[in-house]
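Enquirer: File start-v2.cif follows (mmCIF, C-alpha atoms):
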data_upload
loop_
_atom_site.label_atom_id
_atom_site.label_comp_id
_atom_site.auth_asym_id
_atom_site.auth_seq_id
_atom_site.Cartn_x
_atom_site.Cartn_y
_atom_site.Cartn_z
CA MET A 1 78.44 -13.44 -12.31
CA ALA A 2 75.78 -11.88 -14.56
CA ASP A 3 77.91 -12.64 -17.61
CA LEU A 4 78.33 -16.26 -16.49
CA LEU A 5 74.60 -16.73 -15.95
CA LEU A 6 73.79 -15.28 -19.33
CA LYS A 7 76.28 -17.61 -21.01
CA HIS A 8 74.29 -20.45 -19.46
CA ASN A 9 71.07 -19.19 -21.08
CA ALA A 10 69.62 -17.25 -18.14
CA SER A 11 66.81 -14.99 -19.36
CA VAL A 12 68.11 -11.43 -19.57
CA ASP A 13 64.62 -10.03 -19.02
CA ALA A 14 63.27 -12.49 -16.47
CA SER A 15 60.97 -10.60 -14.11
CA GLY A 16 60.62 -11.47 -10.47
CA TYR A 17 59.30 -9.69 -7.41
CA GLU A 18 57.15 -6.69 -8.39
CA GLN A 19 58.04 -7.34 -12.05
CA TYR A 20 61.61 -6.17 -11.62
CA THR A 21 63.94 -7.29 -14.38
CA PRO A 22 67.66 -7.79 -13.76
CA LEU A 23 68.24 -4.40 -15.38
CA HIS A 24 65.81 -2.75 -12.94
CA LEU A 25 67.72 -4.22 -10.01
CA ALA A 26 71.15 -3.34 -11.37
CA SER A 27 70.01 0.23 -12.06
CA SER A 28 68.38 0.62 -8.66
CA ASN A 29 71.50 -0.54 -6.84
CA GLY A 30 74.04 1.33 -8.95
CA HIS A 31 75.72 -1.73 -10.46
CA VAL A 32 76.89 -0.12 -13.69
CA ASP A 33 79.05 -3.08 -14.79
CA VAL A 34 76.13 -5.48 -14.42
CA ALA A 35 73.86 -3.07 -16.28
CA ALA A 36 76.42 -2.88 -19.09
CA VAL A 37 76.53 -6.67 -19.41
CA LEU A 38 72.74 -6.90 -19.47
CA LEU A 39 72.54 -4.27 -22.19
CA GLU A 40 75.19 -6.09 -24.24
CA HIS A 41 72.83 -9.07 -24.11
CA HIS A 42 69.95 -6.94 -25.38
CA ALA A 43 68.04 -6.42 -22.16
CA VAL A 44 64.85 -4.41 -22.76
CA ILE A 45 66.00 -0.95 -21.79
CA ASP A 46 62.57 0.48 -21.02
CA ALA A 47 61.10 -2.58 -19.31
CA ARG A 48 58.31 -1.73 -16.86
CA ASP A 49 57.85 -2.96 -13.31
CA PHE A 50 54.55 -3.06 -11.39
CA CYS A 51 54.63 0.74 -10.99
CA GLU A 52 55.41 1.15 -14.69
CA GLU A 53 58.88 2.40 -13.80
CA THR A 54 61.80 1.83 -16.14
CA PRO A 55 65.41 1.14 -15.15
CA LEU A 56 66.12 4.84 -15.79
CA HIS A 57 63.50 5.74 -13.18
CA LYS A 58 65.36 3.54 -10.69
CA ALA A 59 68.76 5.01 -11.42
CA SER A 60 67.40 8.56 -11.32
CA TRP A 61 65.58 8.08 -8.01
CA ASN A 62 68.70 6.68 -6.36
CA GLY A 63 71.13 9.16 -7.90
CA HIS A 64 73.25 6.66 -9.81
CA LEU A 65 74.70 8.99 -12.43
CA ASP A 66 76.92 6.42 -14.15
CA VAL A 67 74.02 3.99 -14.58
CA ALA A 68 71.70 6.75 -15.78
CA ALA A 69 74.31 7.89 -18.30
CA LEU A 70 74.74 4.32 -19.57
CA LEU A 71 70.99 3.88 -20.00
CA VAL A 72 70.58 7.20 -21.79
CA GLU A 73 73.52 6.34 -24.05
CA HIS A 74 71.69 3.13 -25.00
CA GLY A 75 68.52 5.01 -25.88
CA ALA A 76 66.46 4.91 -22.70
CA ASP A 77 63.36 7.10 -22.88
CA VAL A 78 64.14 10.13 -20.71
CA ASN A 79 60.45 11.09 -20.67
CA ALA A 80 58.98 7.68 -19.83
CA ASN A 81 55.96 7.98 -17.53
CA ALA A 82 55.47 5.77 -14.51
CA LYS A 83 52.07 4.94 -13.00
CA PHE A 84 51.16 8.50 -12.02
CA GLY A 85 53.04 10.28 -14.77
CA GLU A 86 56.36 10.46 -12.94
CA THR A 87 59.34 10.88 -15.25
CA PRO A 88 62.97 10.10 -14.41
CA LEU A 89 63.50 13.87 -14.11
CA PHE A 90 60.65 14.10 -11.61
CA TYR A 91 62.24 11.38 -9.47
CA ALA A 92 65.74 12.85 -9.66
CA SER A 93 64.37 16.27 -8.69
CA MET A 94 62.32 14.94 -5.80
CA SER A 95 65.22 12.98 -4.34
CA GLY A 96 67.68 15.83 -4.91
CA HIS A 97 70.24 14.51 -7.38
CA PRO A 98 71.51 17.52 -9.39
CA THR A 99 74.03 15.60 -11.50
CA VAL A 100 71.34 13.22 -12.71
CA VAL A 101 68.97 16.13 -13.30
CA ASP A 102 71.63 17.87 -15.38
CA LEU A 103 72.18 14.73 -17.45
CA LEU A 104 68.47 14.28 -18.13
CA LEU A 105 67.95 17.93 -19.03
CA LYS A 106 70.85 17.79 -21.49
CA HIS A 107 69.06 14.87 -23.13
CA LYS A 108 65.82 16.84 -23.57
CA ALA A 109 63.90 15.69 -20.52
CA ASN A 110 60.59 17.55 -20.28
CA VAL A 111 61.05 20.13 -17.53
CA GLU A 112 57.28 20.64 -17.22
CA ALA A 113 56.19 16.99 -17.11
CA ARG A 114 53.54 16.53 -14.42
CA ALA A 115 52.84 13.74 -11.98
CA TYR A 116 49.27 13.08 -10.86
CA ASP A 117 47.22 11.48 -8.10
CA GLU A 118 49.23 11.77 -4.86
CA TYR A 119 51.55 14.25 -6.59
CA HIS A 120 48.71 16.67 -7.38
CA GLU A 121 49.73 17.54 -10.94
CA SER A 122 53.12 18.75 -9.74
CA THR A 123 56.05 19.61 -11.96
CA PRO A 124 59.62 18.77 -10.92
CA LEU A 125 59.95 22.33 -9.60
CA HIS A 126 56.87 21.87 -7.39
CA ILE A 127 57.95 18.57 -5.89
CA ILE A 128 61.29 19.87 -4.63
CA SER A 129 59.53 21.49 -1.67
CA ASN A 130 57.76 18.30 -0.59
CA PRO A 131 59.07 17.41 2.89
CA HIS A 132 57.21 14.10 3.01
CA VAL A 133 59.71 12.38 0.72
CA TYR A 134 63.13 13.96 1.23
CA PRO A 135 64.03 16.81 3.60
CA PHE A 136 64.92 19.93 1.62
CA SER A 137 68.66 20.38 1.21
CA ASN A 138 71.23 22.34 -0.78
CA ARG A 139 71.05 19.53 -3.33
CA HIS A 140 67.39 20.38 -3.94
CA LEU A 141 68.30 24.05 -4.26
CA HIS A 142 70.86 23.11 -6.92
CA VAL A 143 68.21 21.06 -8.72
CA ALA A 144 65.81 24.01 -8.66
CA ALA A 145 68.46 26.26 -10.20
CA LEU A 146 69.05 23.73 -12.98
CA LEU A 147 65.34 23.42 -13.71
CA LEU A 148 64.92 27.20 -13.84
CA GLU A 149 67.97 27.57 -16.08
CA HIS A 150 66.31 25.12 -18.46
CA GLY A 151 63.08 27.10 -18.61
CA ALA A 152 60.91 25.64 -15.86
CA ASP A 153 57.77 27.74 -15.36
CA VAL A 154 58.37 29.53 -12.06
CA ASN A 155 54.64 30.27 -11.72
CA ALA A 156 53.22 26.90 -12.72
CA TRP A 157 50.15 25.70 -10.79
CA ASN A 158 49.51 22.27 -9.36
CA ASP A 159 45.96 20.98 -8.90
CA SER A 160 45.51 23.22 -5.86
CA GLU A 161 46.68 26.25 -7.86
CA GLN A 162 49.85 26.34 -5.77
CA THR A 163 53.01 27.78 -7.30
CA PRO A 164 56.52 26.68 -6.35
CA LEU A 165 56.93 29.90 -4.33
CA LEU A 166 53.76 29.19 -2.41
CA LEU A 167 55.00 25.70 -1.56
CA ALA A 168 58.45 26.98 -0.58
CA SER A 169 56.73 29.45 1.76
CA MET A 170 54.39 26.79 3.13
CA TYR A 171 57.33 24.57 4.10
CA GLY A 172 59.72 27.30 5.26
CA HIS A 173 62.38 27.08 2.53
CA ARG A 174 63.84 30.58 2.47
CA THR A 175 66.73 29.86 0.10
CA LEU A 176 64.38 28.29 -2.43
CA ALA A 177 61.94 31.19 -2.11
CA ASP A 178 64.80 33.62 -2.72
CA LEU A 179 65.86 31.73 -5.86
CA LEU A 180 62.30 31.64 -7.20
CA LEU A 181 61.89 35.37 -6.63
CA LYS A 182 65.07 36.01 -8.61
CA TYR A 183 63.32 34.24 -11.48
CA SER A 184 60.31 36.57 -11.15
CA ALA A 185 57.96 34.36 -9.16
CA THR A 186 54.66 36.14 -8.53
CA ILE A 187 54.90 37.36 -4.94
CA ASP A 188 51.17 37.31 -4.18
CA ALA A 189 50.15 34.28 -6.24
CA ARG A 190 46.89 32.76 -4.95
CA ASP A 191 46.06 29.10 -4.44
CA ASP A 192 42.60 27.55 -4.61
CA ILE A 193 41.67 28.98 -1.20
CA GLN A 194 43.04 32.38 -2.21
CA SER A 195 45.99 32.16 0.17
CA THR A 196 49.25 33.85 -0.77
CA PRO A 197 52.79 32.74 0.10
CA LEU A 198 52.72 35.18 3.03
CA HIS A 199 49.50 33.63 4.34
CA TRP A 200 51.19 30.23 4.47
CA ALA A 201 54.43 31.47 6.04
CA SER A 202 52.42 33.39 8.65
CA SER A 203 50.18 30.43 9.40
CA ASN A 204 53.05 27.99 9.96
CA GLY A 205 55.40 30.21 11.97
CA HIS A 206 54.77 28.23 15.17
CA LEU A 207 56.27 25.10 13.55
CA ASP A 208 59.75 26.58 13.12
CA VAL A 209 59.91 30.23 14.11
CA ALA A 210 63.31 31.02 12.60
CA ALA A 211 62.66 29.33 9.25
CA TYR A 212 59.21 30.80 8.64
CA LEU A 213 60.18 34.21 9.97
CA ASP A 214 63.00 34.32 7.42
CA VAL A 215 60.58 33.42 4.63
CA ALA A 216 58.02 36.01 5.73
CA ALA A 217 60.69 38.71 5.99
CA LEU A 218 61.90 37.88 2.49
CA LEU A 219 58.38 38.04 1.08
CA LEU A 220 57.70 41.36 2.77
CA GLU A 221 60.98 42.77 1.44
CA HIS A 222 59.72 41.88 -2.04
CA GLY A 223 56.44 43.68 -1.51
CA ALA A 224 54.09 40.91 -0.41
CA GLY A 225 50.64 42.16 0.52
CA VAL A 226 50.67 42.27 4.31
CA ASN A 227 46.89 42.70 4.45
CA ALA A 228 45.96 40.27 1.67
CA ARG A 229 42.84 38.22 2.39
CA ASN A 230 42.22 34.57 1.59
CA ARG A 231 38.86 32.98 0.79
CA SER A 232 37.89 33.12 4.47
CA GLN A 233 38.92 36.79 4.51
CA GLU A 234 41.81 36.00 6.84
CA THR A 235 44.87 38.23 6.76
CA PRO A 236 48.37 36.95 7.53
CA LEU A 237 48.13 38.63 10.96
CA ILE A 238 44.93 36.74 11.77
CA LEU A 239 46.67 33.46 10.91
CA ALA A 240 49.79 34.32 12.92
CA SER A 241 47.61 35.30 15.89
CA LYS A 242 45.64 32.07 15.64
CA SER A 243 48.80 29.94 15.64
CA GLY A 244 50.35 31.97 18.44
CA CYS A 245 53.60 32.96 16.76
CA HIS A 246 54.54 36.18 18.58
CA ALA A 247 57.58 36.89 16.41
CA MET A 248 55.56 36.50 13.21
CA ALA A 249 52.76 38.74 14.46
CA ASN A 250 55.34 41.33 15.50
CA LEU A 251 57.00 41.23 12.07
CA LEU A 252 53.66 41.72 10.32
CA LEU A 253 52.71 44.61 12.60
CA LYS A 254 56.05 46.28 11.88
CA HIS A 255 55.08 46.10 8.21
CA ASN A 256 51.77 47.86 8.88
CA ALA A 257 49.44 44.91 9.18
CA THR A 258 45.95 46.12 10.09
CA VAL A 259 45.57 45.14 13.73
CA ASN A 260 41.76 45.18 13.80
CA ALA A 261 41.04 43.55 10.44
CA GLY A 262 38.34 40.89 10.83
CA ASP A 263 37.88 37.74 8.76
CA GLY A 264 34.67 36.62 7.08
CA ASP A 265 33.14 36.04 10.52
CA GLN A 266 34.47 39.39 11.73
CA SER A 267 36.91 37.55 13.97
CA SER A 268 39.89 39.82 14.58
CA PRO A 269 43.49 38.88 15.38
CA LEU A 270 42.67 39.58 19.04
CA HIS A 271 39.69 37.21 18.88
CA GLU A 272 41.90 34.43 17.50
CA ALA A 273 44.76 34.94 19.94
CA SER A 274 42.30 35.11 22.86
CA SER A 275 40.38 32.05 21.76
CA ASN A 276 43.57 30.00 21.54
CA GLY A 277 45.14 31.23 24.76
CA HIS A 278 48.14 32.99 23.21
CA VAL A 279 48.67 35.56 25.94
CA GLY A 280 51.91 36.91 24.48
CA VAL A 281 50.24 37.65 21.16
CA VAL A 282 47.24 39.15 22.97
CA ALA A 283 49.61 41.53 24.79
CA LEU A 284 51.34 42.45 21.54
CA LEU A 285 48.06 43.20 19.77
CA LEU A 286 46.83 45.32 22.67
CA GLU A 287 50.11 47.26 22.59
CA HIS A 288 49.29 48.00 18.94
CA HIS A 289 45.86 49.31 19.89
CA ALA A 290 43.73 46.30 19.09
CA PHE A 291 40.09 47.01 19.99
CA VAL A 292 39.60 45.07 23.21
CA ASP A 293 35.81 44.84 22.82
CA ALA A 294 35.70 43.99 19.11
CA MET A 295 32.69 41.85 18.19
CA ASP A 296 32.56 39.04 15.66
CA ASN A 297 29.42 38.20 13.68
CA GLU A 298 27.97 36.43 16.74
CA GLN A 299 28.74 39.53 18.81
CA LEU A 300 31.34 37.59 20.77
CA THR A 301 34.18 39.69 22.18
CA PRO A 302 37.71 38.43 22.83
CA LEU A 303 36.70 38.20 26.50
CA HIS A 304 33.81 35.88 25.61
CA ARG A 305 36.19 33.68 23.63
CA ALA A 306 38.87 33.51 26.31
CA SER A 307 36.30 32.97 29.07
CA SER A 308 34.66 30.07 27.26
CA LYS A 309 38.00 28.28 26.86
CA GLY A 310 39.29 28.87 30.38
CA HIS A 311 42.29 30.98 29.36
CA VAL A 312 42.80 32.66 32.72
CA ASP A 313 45.90 34.69 31.80
CA VAL A 314 44.22 36.06 28.69
CA VAL A 315 41.06 36.96 30.62
CA ALA A 316 43.16 38.77 33.24
CA LEU A 317 45.04 40.71 30.57
CA LEU A 318 41.87 41.71 28.72
CA LEU A 319 40.28 42.89 31.95
CA GLU A 320 43.42 44.90 32.75
CA HIS A 321 42.84 46.62 29.42
CA HIS A 322 39.28 47.45 30.46
CA ALA A 323 37.40 44.83 28.47
CA PHE A 324 33.66 45.14 29.16
CA VAL A 325 33.00 42.40 31.71
CA ASP A 326 29.29 42.12 30.90
CA ALA A 327 29.49 42.30 27.10
CA ARG A 328 26.58 40.51 25.41
CA ASP A 329 26.76 38.21 22.42
CA TYR A 330 24.00 37.43 19.92
CA ASP A 331 22.27 35.23 22.50
CA GLN A 332 22.71 37.85 25.21
CA CYS A 333 25.28 35.69 26.98
CA THR A 334 27.98 37.41 29.03
CA PRO A 335 31.51 36.06 29.52
CA LEU A 336 30.30 34.70 32.88
CA HIS A 337 27.61 32.67 31.11
CA LYS A 338 30.37 31.19 28.94
CA ALA A 339 32.58 30.32 31.89
CA SER A 340 29.60 28.79 33.71
CA SER A 341 28.95 26.29 30.94
CA ASN A 342 31.11 23.31 30.14
CA GLY A 343 33.40 25.29 27.89
CA HIS A 344 30.95 25.23 24.96
CA LEU A 345 30.33 28.39 23.00
CA ASP A 346 27.01 27.39 21.42
CA LEU A 347 23.86 28.14 23.36
CA ASP A 348 22.13 25.51 21.22
CA ASP A 349 23.97 22.92 23.32
CA LEU A 350 22.11 24.16 26.37
CA VAL A 351 18.72 24.57 24.73
CA ALA A 352 18.83 21.09 23.21
CA PHE A 353 20.10 19.55 26.46
CA ARG A 354 22.78 17.75 24.55
CA LEU A 355 24.36 14.93 26.56
CA GLU A 356 27.33 16.22 28.43
CA HIS A 357 30.77 14.97 27.44
CA ASN A 358 33.22 14.29 30.22
CA ALA A 359 35.04 17.56 30.65
CA ASP A 360 38.72 17.67 31.40
CA VAL A 361 39.17 18.46 35.11
CA ASN A 362 41.86 21.04 34.37
CA THR A 363 39.54 22.80 31.95
CA ARG A 364 36.82 22.98 34.58
CA ASN A 365 39.27 24.37 37.11
CA ARG A 366 40.40 27.02 34.65
CA LEU A 367 36.79 27.99 33.89
CA GLU A 368 36.17 28.46 37.61
CA ASP A 369 39.28 30.63 37.88
CA VAL A 370 37.95 32.68 34.97
CA ALA A 371 34.60 33.08 36.73
CA ARG A 372 36.37 34.30 39.89
CA LEU A 373 38.22 36.92 37.85
CA LEU A 374 35.06 38.07 36.11
CA LEU A 375 33.17 38.33 39.39
CA LYS A 376 36.09 40.19 40.97
CA HIS A 377 35.79 42.71 38.14
CA GLY A 378 32.09 43.21 38.75
CA ALA A 379 30.44 40.70 36.43
CA ASP A 380 26.67 40.50 36.92
CA VAL A 381 26.12 37.16 38.67
CA ASN A 382 22.43 37.20 37.73
CA ALA A 383 22.73 38.33 34.11
CA ARG A 384 20.18 36.67 31.82
CA ASN A 385 20.63 35.55 28.23
CA ARG A 386 17.81 35.57 25.68
CA PHE A 387 16.44 32.34 27.16
CA GLU A 388 16.45 33.93 30.61
CA ASP A 389 19.23 31.59 31.75
CA THR A 390 21.42 32.92 34.56
CA PRO A 391 24.99 31.67 35.02
CA LEU A 392 23.70 29.49 37.89
CA ILE A 393 21.07 27.86 35.68
CA ILE A 394 23.74 27.11 33.08
CA ALA A 395 26.14 25.72 35.70
CA SER A 396 23.30 23.51 36.96
CA ILE A 397 22.54 22.23 33.45
CA TRP A 398 26.14 21.13 33.02
CA GLY A 399 26.60 19.73 36.51
CA ARG A 400 29.19 22.31 37.50
CA HIS A 401 29.11 21.83 41.28
CA THR A 402 32.11 24.02 42.11
CA MET A 403 30.96 26.70 39.68
CA ALA A 404 27.46 26.69 41.19
CA GLU A 405 28.97 26.95 44.67
CA LEU A 406 31.08 29.93 43.56
CA LEU A 407 28.08 31.69 42.03
CA LEU A 408 25.99 31.13 45.15
CA LYS A 409 28.77 32.65 47.28
CA HIS A 410 28.43 35.72 45.08
CA ASN A 411 24.70 35.95 45.77
CA ALA A 412 23.34 34.26 42.67
CA THR A 413 19.54 34.12 42.80
CA ILE A 414 18.87 30.47 43.54
CA ASP A 415 15.28 30.27 42.29
CA ALA A 416 15.63 32.38 39.15
CA ARG A 417 13.51 30.95 36.33
CA ASP A 418 14.36 30.61 32.66
CA VAL A 419 12.05 31.07 29.68
CA ASP A 420 10.41 27.70 30.45
CA GLN A 421 9.91 28.70 34.08
CA SER A 422 12.52 26.14 35.14
CA THR A 423 14.86 26.85 38.05
CA SER A 424 18.42 25.69 38.60
CA LEU A 425 17.02 22.86 40.71
CA HIS A 426 14.75 21.75 37.85
CA ARG A 427 17.66 21.71 35.44
CA ALA A 428 20.09 19.88 37.71
CA SER A 429 17.42 17.31 38.60
CA SER A 430 16.46 16.64 34.98
CA ARG A 431 20.10 16.01 34.09
CA GLY A 432 20.77 13.77 37.08
CA HIS A 433 23.43 15.99 38.67
CA LEU A 434 22.87 14.81 42.24
CA ASP A 435 25.75 16.77 43.76
CA VAL A 436 24.40 20.02 42.32
CA VAL A 437 20.87 19.12 43.47
CA ALA A 438 22.21 18.58 47.00
CA LEU A 439 24.07 21.90 46.90
CA LEU A 440 20.98 23.80 45.78
CA LEU A 441 18.83 22.19 48.46
CA GLU A 442 21.44 23.11 51.08
CA HIS A 443 20.96 26.70 49.94
CA ASN A 444 17.19 26.41 50.35
CA ALA A 445 16.22 26.07 46.71
CA ASP A 446 12.47 25.91 46.30
#
Please render this file's structure as structure tokens.

Expert:
Amino acid sequence: MADLLLKHNASVDASGYEQYTPLHLASSNGHVDVAAVLLEHHAVIDARDFCEETPLHKASWNGHLDVAALLVEHGADVNANAKFGETPLFYASMSGHPTVVDLLLKHKANVEARAYDEYHESTPLHIISNPHVYPFSNRHLHVAALLLEHGADVNAWNDSEQTPLLLASMYGHRTLADLLLKYSATIDARDDIQSTPLHWASSNGHLDVAAYLDVAALLLEHGAGVNARNRSQETPLILASKSGCHAMANLLLKHNATVNAGDGDQSSPLHEASSNGHVGVVALLLEHHAFVDAMDNEQLTPLHRASSKGHVDVVALLLEHHAFVDARDYDQCTPLHKASSNGHLDLDDLVAFRLEHNADVNTRNRLEDVARLLLKHGADVNARNRFEDTPLIIASIWGRHTMAELLLKHNATIDARDVDQSTSLHRASSRGHLDVVALLLEHNAD
């Protein structure tokens, strides 16, 4: 058909939708016979579409080896750059077509050519790990081997200073990581936030435990720094504890991760696991002698963190391990103060009388369960923070009727005054919490 049209003076390079020429379309769809006819009629071999892609880009992206070979044989530019610098080799690598990659490399394709903008100055070896385009497969592993055999820089940086090994670790590609290490990839290479491959594997373990655990184990076998710190001074164990991956935390501890290492805010693995409600990780850390009353730079303990978030199981476990029930933070708040609020950690919220957001009912119920536990373990119901707020005053500020009722049952002083000489009744009235006002009046508030 193409031959017939050309004999009747059809334009061999007529461009249509998105500036595709007939050769672009034939190459994209793998029609090698049509491409051959077009080339016999002197089609422009490196014609550009709206993305500045050539027919060879199209054939490479779609894995059409016979078309790619035909184009190369007719002099197609193997290093032509598309809109963001993408070469045919970049496309063939990203889409996982090893036979096309091999062809292009044999014809002197630039193995280090970089693509920009959304590709972040990545080389073909970087882009193989990108799960947003094609899921990683054995075809991509084959491509990586070909690139490395042809001299690809195993430690090249993209614009975030990420190496191929770091990306393979970030996305859980153990086989690729193993290959890169065989080509002497730097095990503790740092990206622009000073994270190592082990940081990323540890951080993402909750996404696919088996995959990331395999990567982390491989990295540790090759001597990865188990206590390396990123820009925020987080260790891999802190990240694993934050994400709640028990198996990852256990692996790191078996490799002598420091259980009490704090980050830049002095937040320990136990702080992070407690704050996020990961009771299994909390138990594991305590088994490894985590300091139950560790303080961060705001003097918050793990019990403060868990209490403020309503993590009842974590609170119970910490108390079983003799956490100090009346520990004081920087603002002299106890865990009971935290539970009595609306789940906010910042005292500034209370001082500024910030408008209350609608709290999730389940969260409120959990906070009340936390308060019951704390009181059962001897928490001071009338403890005062540095603004002289008692838990009852805080509960009144936030309209916590059930919490206020619980505190009153435990003999909270109803007319205690804060630094402004305001009582719980003053605070509930000023915020319009009528049910709390009624409760306080029932209990003879002045």

Enquirer: I'd like to know which of A:Met170, A:Leu392, A:Val143, A:Ala416 is closest to Val436 of chain A, using all atoms listed in the file.

Expert: A:Leu392

Enquirer: Evaluate the PyMOL selection byres ((chain A and resi 315-331) around 6) and record the selected residues as an mmCIF file with C-alpha atoms, keeping the file's coordinate frame, following the chain and residue labels used in the document.

Expert:
data_model
loop_
_atom_site.group_PDB
_atom_site.id
_atom_site.type_symbol
_atom_site.label_atom_id
_atom_site.label_comp_id
_atom_site.auth_asym_id
_atom_site.auth_seq_id
_atom_site.Cartn_x
_atom_site.Cartn_y
_atom_site.Cartn_z
ATOM 1 C CA VAL A 292 39.600 45.070 23.210
ATOM 2 C CA ASP A 293 35.810 44.840 22.820
ATOM 3 C CA GLU A 298 27.970 36.430 16.740
ATOM 4 C CA GLN A 299 28.740 39.530 18.810
ATOM 5 C CA LEU A 300 31.340 37.590 20.770
ATOM 6 C CA ALA A 306 38.870 33.510 26.310
ATOM 7 C CA VAL A 312 42.800 32.660 32.720
ATOM 8 C CA ASP A 313 45.900 34.690 31.800
ATOM 9 C CA VAL A 314 44.220 36.060 28.690
ATOM 10 C CA GLN A 332 22.710 37.850 25.210
ATOM 11 C CA CYS A 333 25.280 35.690 26.980
ATOM 12 C CA THR A 334 27.980 37.410 29.030
ATOM 13 C CA ALA A 379 30.440 40.700 36.430
ATOM 14 C CA ASN A 385 20.630 35.550 28.230
ATOM 15 C CA ARG A 386 17.810 35.570 25.680
#

Enquirer: For each of A:Cys245, A:Leu23, A:Ala109, A:Leu374, take the minimum atom-to-atom distance to Val37 of chain A, counting only C-alpha atoms, then give the residue where this is smallest.

Expert: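 Smallest distance to Val37 of chain A is found for A:Leu23.
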
Enquirer: Between A:His126, A:His41, A:Arg384, A:His199, which residue has the minimum interatomic distance to Arg417 of chain A, considering only C-alpha atoms?

Expert: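 That would be A:Arg384, the residue with the smallest distance to Arg417 of chain A.
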
Enquirer: Interatomic distance between atom CA of Arg400 of chain A and atom CA of Thr413 of chain A?

Expert: 16.1 Å

Enquirer: Translate the PyMOL selection byres ((chain A and resi 78) around 9), as applied to the file shown, into an explicit residue set as a PDB file with C-alpha atoms, in the coordinates of the input.

Expert:
ATOM      1  CA  LEU A  56      66.120   4.840 -15.790  1.00  0.00           C
ATOM      2  CA  HIS A  57      63.500   5.740 -13.180  1.00  0.00           C
ATOM      3  CA  VAL A  72      70.580   7.200 -21.790  1.00  0.00           C
ATOM      4  CA  GLY A  75      68.520   5.010 -25.880  1.00  0.00           C
ATOM      5  CA  ALA A  76      66.460   4.910 -22.700  1.00  0.00           C
ATOM      6  CA  ASP A  77      63.360   7.100 -22.880  1.00  0.00           C
ATOM      7  CA  ASN A  79      60.450  11.090 -20.670  1.00  0.00           C
ATOM      8  CA  ALA A  80      58.980   7.680 -19.830  1.00  0.00           C
ATOM      9  CA  THR A  87      59.340  10.880 -15.250  1.00  0.00           C
ATOM     10  CA  PRO A  88      62.970  10.100 -14.410  1.00  0.00           C
ATOM     11  CA  LEU A  89      63.500  13.870 -14.110  1.00  0.00           C
ATOM     12  CA  LEU A 104      68.470  14.280 -18.130  1.00  0.00           C
ATOM     13  CA  LEU A 105      67.950  17.930 -19.030  1.00  0.00           C
ATOM     14  CA  HIS A 107      69.060  14.870 -23.130  1.00  0.00           C
ATOM     15  CA  LYS A 108      65.820  16.840 -23.570  1.00  0.00           C
ATOM     16  CA  ALA A 109      63.900  15.690 -20.520  1.00  0.00           C
ATOM     17  CA  ASN A 110      60.590  17.550 -20.280  1.00  0.00           C
TER      18      ASN A 110
END

Enquirer: Step by step, work through what the PyMOL selection byres ((chain A and resi 176) around 12) selects in the shown file, and finish by giving those residues as an NGL selection string.

Expert: :A and (125-126 or 128-129 or 136-145 or 148 or 154 or 164-175 or 177-183 or 185 or 211 or 214-215 or 218-219)

Enquirer: Mind pulling up the distance from atom CA of Asn155 of chain A to atom CA of Glu53 of chain A?

Expert: 28.3 Å

Enquirer: Extract, using only C-alpha atoms, all DNA, RNA and protein residues at most 6 Å from segment 233-237 of chain A, discarding same-chain residues fewer than 2 positions from it, and format them as a list in words.

Expert: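 Here the answer would be His199, Ser202, Asn227, Ala228, Arg229, Asn230, Arg231, Leu239, Ala240, Ser241, Ala249, Asp263 and Gly264 of chain A.
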
Enquirer: Compile the contact shell of Leu440 of chain A as an mmCIF file with C-alpha atoms, in the coordinates of the input: residues with an atom at most 10 Å away, counting all atoms listed in the file, same-chain residues fewer than 2 positions apart removed.

Expert:
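This is the output file around-v3.cif:
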data_model
loop_
_atom_site.group_PDB
_atom_site.id
_atom_site.type_symbol
_atom_site.label_atom_id
_atom_site.label_comp_id
_atom_site.auth_asym_id
_atom_site.auth_seq_id
_atom_site.Cartn_x
_atom_site.Cartn_y
_atom_site.Cartn_z
ATOM 1 C CA SER A 396 23.300 23.510 36.960
ATOM 2 C CA HIS A 401 29.110 21.830 41.280
ATOM 3 C CA ALA A 404 27.460 26.690 41.190
ATOM 4 C CA GLU A 405 28.970 26.950 44.670
ATOM 5 C CA LEU A 408 25.990 31.130 45.150
ATOM 6 C CA ILE A 414 18.870 30.470 43.540
ATOM 7 C CA ASP A 415 15.280 30.270 42.290
ATOM 8 C CA SER A 424 18.420 25.690 38.600
ATOM 9 C CA LEU A 425 17.020 22.860 40.710
ATOM 10 C CA ALA A 428 20.090 19.880 37.710
ATOM 11 C CA LEU A 434 22.870 14.810 42.240
ATOM 12 C CA ASP A 435 25.750 16.770 43.760
ATOM 13 C CA VAL A 436 24.400 20.020 42.320
ATOM 14 C CA VAL A 437 20.870 19.120 43.470
ATOM 15 C CA ALA A 438 22.210 18.580 47.000
ATOM 16 C CA GLU A 442 21.440 23.110 51.080
ATOM 17 C CA HIS A 443 20.960 26.700 49.940
ATOM 18 C CA ASN A 444 17.190 26.410 50.350
ATOM 19 C CA ALA A 445 16.220 26.070 46.710
ATOM 20 C CA ASP A 446 12.470 25.910 46.300
#

Enquirer: Would you compute the box with edges along x, y and z of the file around segment 298-310 of chain A, including every atom the file lists for it and 3 Å extra on each side, and give its centre and edge lengths in Å to one decimal, as JSON?

Expert:
{"center_x": 33.6, "center_y": 34.0, "center_z": 23.6, "size_x": 17.3, "size_y": 17.4, "size_z": 19.6}

Enquirer: Interatomic distance between atom CA of Met248 of chain A and atom CA of Ala216 of chain A?

Expert: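 Straight-line distance from atom CA of Met248 of chain A to atom CA of Ala216 of chain A works out to 7.9 Å.
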